[in-house]
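For reference, the structure is listed below as structure tokens.
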Amino acid sequence: MALSDNFKKLRIKYHLSQQELAEIAGVTNKAISAWESGLSEPRMGAIEKIARHFCIKKSNIIEENGIEDISLDQEQVKVDGNKSK
């Protein structure tokens with residue numbers, strides 16, 4: 001259940017509601033709820049939108065404990081709002 005755990009951890013890490021994450025992913029808050037409970041899984045497009053928004057790798061979302069692997073540099077980019085290229 002890596003995916004469902006990672007979505008919840010991501011929301012907690014960035015202090016987001018299900019509605020806020022849904023807006024980032026381009027889905028409904030009910031979809032986020034279903035992902036977090038393991039009732040359904042997101043399409044790759046939604047994962048890509050989330051990864052791009054937080055400047056993280058898709059593997060951070062998909063792989064078990066992937067959220068814990070987000071480096072401090074990646075977190076700082078999101079906090080500061082500056083994307084490095």
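The chains in the structure tokens are called A, B, ... from first to last as shown; in each chain the residues are counted from 1, and the ligands are counted from 1 in the order shown.
Shell of Gly45 of chain A at 9 Å, with only C-alpha atoms counted and residues fewer than 4 places along the chain excluded, is Ala25, Lys49 and Ile50 of chain A.
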Would you mind exporting the chosen residues as a compact mmCIF listing (two decimals), in the first residue's frame, restricted to N, CA, C and O atoms?
# COMPACT_ATOMS: atom_id res chain seq x y z
N ALA A 25 -3.63 17.95 -8.25
CA ALA A 25 -3.65 16.77 -9.12
C ALA A 25 -4.68 16.87 -10.24
O ALA A 25 -4.64 16.07 -11.18
N LYS A 49 1.47 15.49 -12.25
CA LYS A 49 1.12 16.85 -11.81
C LYS A 49 1.57 17.10 -10.38
O LYS A 49 2.10 18.16 -10.06
N ILE A 50 1.36 16.12 -9.52
CA ILE A 50 1.76 16.26 -8.12
C ILE A 50 3.28 16.35 -8.01
O ILE A 50 3.81 17.22 -7.32
Item to check | alpha helix (DSSP H) per DSSP on the backbone: members of segment 1-83 of chain A, as a count of residues only | outcome: 54
Item to check | Nearby residues (only C-alpha atoms) at most 9 Å from Glu41 of chain A, same-chain spacing under 4 positions excluded, as a list in words | outcome: Leu3, Ser4, Ala31, Ala34, Trp35 and Glu36 of chain A
Item to check | Long-range neighbours of Ile61 of chain A as a VMD selection string, 7 Å cut-off, only C-alpha atoms, 3 positions minimum in chain | outcome: chain A and resid 3 6 58 66 to 67
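Taking atom CA of Ile32 of chain A and atom CA of Glu48 of chain A as endpoints, the distance between them is 14.7 Å.
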Next on the checklist: For segment 10-15 of chain A, find every residue with an atom within 10 Å (counting only C-alpha atoms), except residues of its own chain fewer than 2 positions away, and show them as a PyMOL selection string.
Outcome noted: chain A and resi 5-8+17-18+20-21+50+54+60-61+66-68+75+78-79
Keeping only N, CA and C atoms, write those residues as a compact mmCIF listing (two decimals), in the first residue's frame.
# COMPACT_ATOMS: atom_id res chain seq x y z
N ASP A 5 -0.33 5.18 1.32
CA ASP A 5 0.42 5.77 2.43
C ASP A 5 1.15 7.04 2.00
N ASN A 6 1.73 7.00 0.81
CA ASN A 6 2.51 8.15 0.34
C ASN A 6 1.65 9.39 0.10
N PHE A 7 0.44 9.20 -0.37
CA PHE A 7 -0.43 10.38 -0.57
C PHE A 7 -0.76 11.04 0.76
N LYS A 8 -1.06 10.22 1.74
CA LYS A 8 -1.39 10.78 3.06
C LYS A 8 -0.15 11.46 3.67
N SER A 17 -4.94 19.91 2.75
CA SER A 17 -6.20 19.18 2.87
C SER A 17 -6.33 18.28 1.63
N GLN A 18 -7.28 17.36 1.70
CA GLN A 18 -7.54 16.54 0.52
C GLN A 18 -7.98 17.41 -0.65
N GLU A 20 -7.07 20.52 -1.30
CA GLU A 20 -5.91 21.22 -1.86
C GLU A 20 -5.07 20.29 -2.73
N LEU A 21 -4.85 19.06 -2.27
CA LEU A 21 -4.09 18.11 -3.09
C LEU A 21 -4.88 17.76 -4.35
N ILE A 50 1.36 16.12 -9.52
CA ILE A 50 1.76 16.26 -8.12
C ILE A 50 3.28 16.35 -8.01
N PHE A 54 5.48 19.70 -6.62
CA PHE A 54 6.37 19.66 -5.45
C PHE A 54 7.84 19.50 -5.81
N ASN A 60 9.16 9.09 -5.90
CA ASN A 60 8.91 9.46 -4.50
C ASN A 60 7.45 9.20 -4.12
N ILE A 61 6.57 9.32 -5.08
CA ILE A 61 5.16 9.10 -4.83
C ILE A 61 4.80 7.62 -4.94
N GLY A 66 8.74 6.43 -0.27
CA GLY A 66 9.27 7.43 -1.19
C GLY A 66 9.19 8.85 -0.66
N ILE A 67 8.18 9.14 0.12
CA ILE A 67 8.03 10.50 0.66
C ILE A 67 9.15 10.78 1.66
N GLU A 68 9.56 9.77 2.42
CA GLU A 68 10.66 9.97 3.37
C GLU A 68 11.98 10.24 2.67
N GLU A 75 12.57 19.92 -0.58
CA GLU A 75 11.58 20.57 0.28
C GLU A 75 11.77 22.08 0.27
N LYS A 78 10.11 23.92 -2.62
CA LYS A 78 8.67 24.11 -2.48
C LYS A 78 8.35 25.20 -1.46
N VAL A 79 9.08 25.22 -0.35
CA VAL A 79 8.83 26.21 0.69
C VAL A 79 9.12 27.61 0.17
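Here atom CA of Ile62 of chain A stands at a distance of 6.7 Å from atom CA of Ala2 of chain A.
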Checklist entry - Between atom CA of Ile47 of chain A and atom CA of Val27 of chain A, what is the spacing in Å? => result 10.9 Å
